[in-house]
Structure formats: structure tokens, C-alpha cells
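One structure is given below, encoded as C-alpha cells.
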Amino acid sequence: MDVKEAANAAKAYLVDLFADEEISNIGLEEVVFDEISGSWEITIGFSRPWDQKSGLPAALAGVRPDRSYKIVRVNDQNGSVISLKDRLLAARSD
């Protein structure tokens, strides 16, 4: 399996799993191949409807929606999803 196949498998899995939540802004964030386990760790970011900032002030300020990040582990041999977990980001100090 190559990196594109692994990423597509991870995205398809998330879209199917979270179908009732109407996720949007789905995007590939990171890819790591773990040679020891023979699996891909694919980080996918997405937004949920309740993450959307609404109203005129948010629109004028160009506020982007919050995002969730998930790590999908995909088996390199057969493309099956092994696990799904949260990808926690370090707090920014802007």
C-alpha cells in the first residue's frame, strides 16, 4: 500500500464513521509509516457543525471554524483500519 492509498482509506473511514455528524473541511494533516508495526498513522483534520463560528462579527473577522484531529492507524498489508484516536495539539502561546 502506498501513502495515497493509506490516506484515502483513513479519510473514507472517518467520513463513514462520522456520517451522522456531517463533518466538513476534511483534510490530510500528517502521515507516518511505522515500520515496526507495519502500519500507517494518518492524521486527518475536520470540522463539525457545532465548531462553526457564526454571525456577522465572525464573518467579518474571517474566523475559521475549530477543527478536530484524529489519528487513524491503517494496516499496510490489507488496508484495514486498526485504531482511531484523538490527536491532541499543544496549546499555542500567541
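Note on naming: chains are A, B, ... as they come in the C-alpha cells, residues start from 1 per chain, ligands start from 1 in the order shown.
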
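The shell of residues at most 10 Å from Tyr13 (chain A), with only C-alpha atoms counted and near chain neighbours (fewer than 2 positions) removed, consists of Ala7, Asn8, Ala9, Ala10, Lys11, Val15, Asp16, Leu17, Phe18, Ala19, Val72, Val74, Ser80, Val81 and Leu84 of chain A.
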
For the residues selected in the previous step, produce a file with C-alpha atoms as a short mmCIF file (atom, residue, chain, number, x, y, z; two decimals), in the first residue's frame.
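Listing of out_35.cif after writing:
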```
data_model
loop_
_atom_site.label_atom_id
_atom_site.label_comp_id
_atom_site.auth_asym_id
_atom_site.auth_seq_id
_atom_site.Cartn_x
_atom_site.Cartn_y
_atom_site.Cartn_z
CA ALA A 7 -4.60 8.37 3.30
CA ASN A 8 -7.67 7.60 1.19
CA ALA A 9 -8.53 4.62 3.41
CA ALA A 10 -8.26 6.82 6.52
CA LYS A 11 -10.43 9.59 5.05
CA VAL A 15 -16.34 10.07 6.57
CA ASP A 16 -18.29 6.85 7.08
CA LEU A 17 -17.83 6.72 10.86
CA PHE A 18 -18.84 10.36 11.43
CA ALA A 19 -21.53 10.49 8.71
CA VAL A 72 -6.27 6.69 12.01
CA VAL A 74 -4.18 1.66 8.83
CA SER A 80 -7.97 -2.21 7.26
CA VAL A 81 -8.33 0.38 10.00
CA LEU A 84 -8.75 5.67 15.81
#
```

Inset, instruction - Fewer than 4 positions away in the same chain doesn't count, so skip those; otherwise give me all residues within 6 Å of region 33-43 of chain A, counting only C-alpha atoms, as a PyMOL selection string. - result: chain A and resi 29+70-76

Inset, instruction - In Å, rounded to a single decimal, give me how far CA of Ile82 (chain A) is from CA of Met1 (chain A). - result: 14.8 Å

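If you look at CA of Asp66 (chain A) and CA of Ser83 (chain A), they are 23.4 Å away from each other.
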
Legend entry - Close residues, Arg48 (chain A) itself excluded, 7 Å, only C-alpha atoms, min 6 positions apart in chain, as number ranges by chain: A: 21-24

Dump N, CA and C atoms for the selected residues as a compact mmCIF listing (two decimals), in the first residue's frame?
```
# COMPACT_ATOMS: atom_id res chain seq x y z
N GLU A 21 -22.68 13.07 11.88
CA GLU A 21 -22.26 14.35 12.45
C GLU A 21 -22.00 15.41 11.37
N GLU A 22 -22.13 15.04 10.11
CA GLU A 22 -21.97 15.97 9.00
C GLU A 22 -20.66 16.75 9.07
N ILE A 23 -19.56 16.02 9.18
CA ILE A 23 -18.27 16.69 9.25
C ILE A 23 -17.94 17.35 7.91
N SER A 24 -17.11 18.38 7.97
CA SER A 24 -16.73 19.11 6.77
C SER A 24 -15.27 19.55 6.89
```

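Of the residues listed (A:Leu14, A:Asn25, A:Glu5, A:Asp20), A:Glu5 shows the shortest atom-to-atom separation from Gln77 (chain A); distances use only C-alpha atoms.
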
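The gap separating CA of Ser68 (chain A) from CA of Arg87 (chain A) is 8.0 Å, in Å to one decimal.
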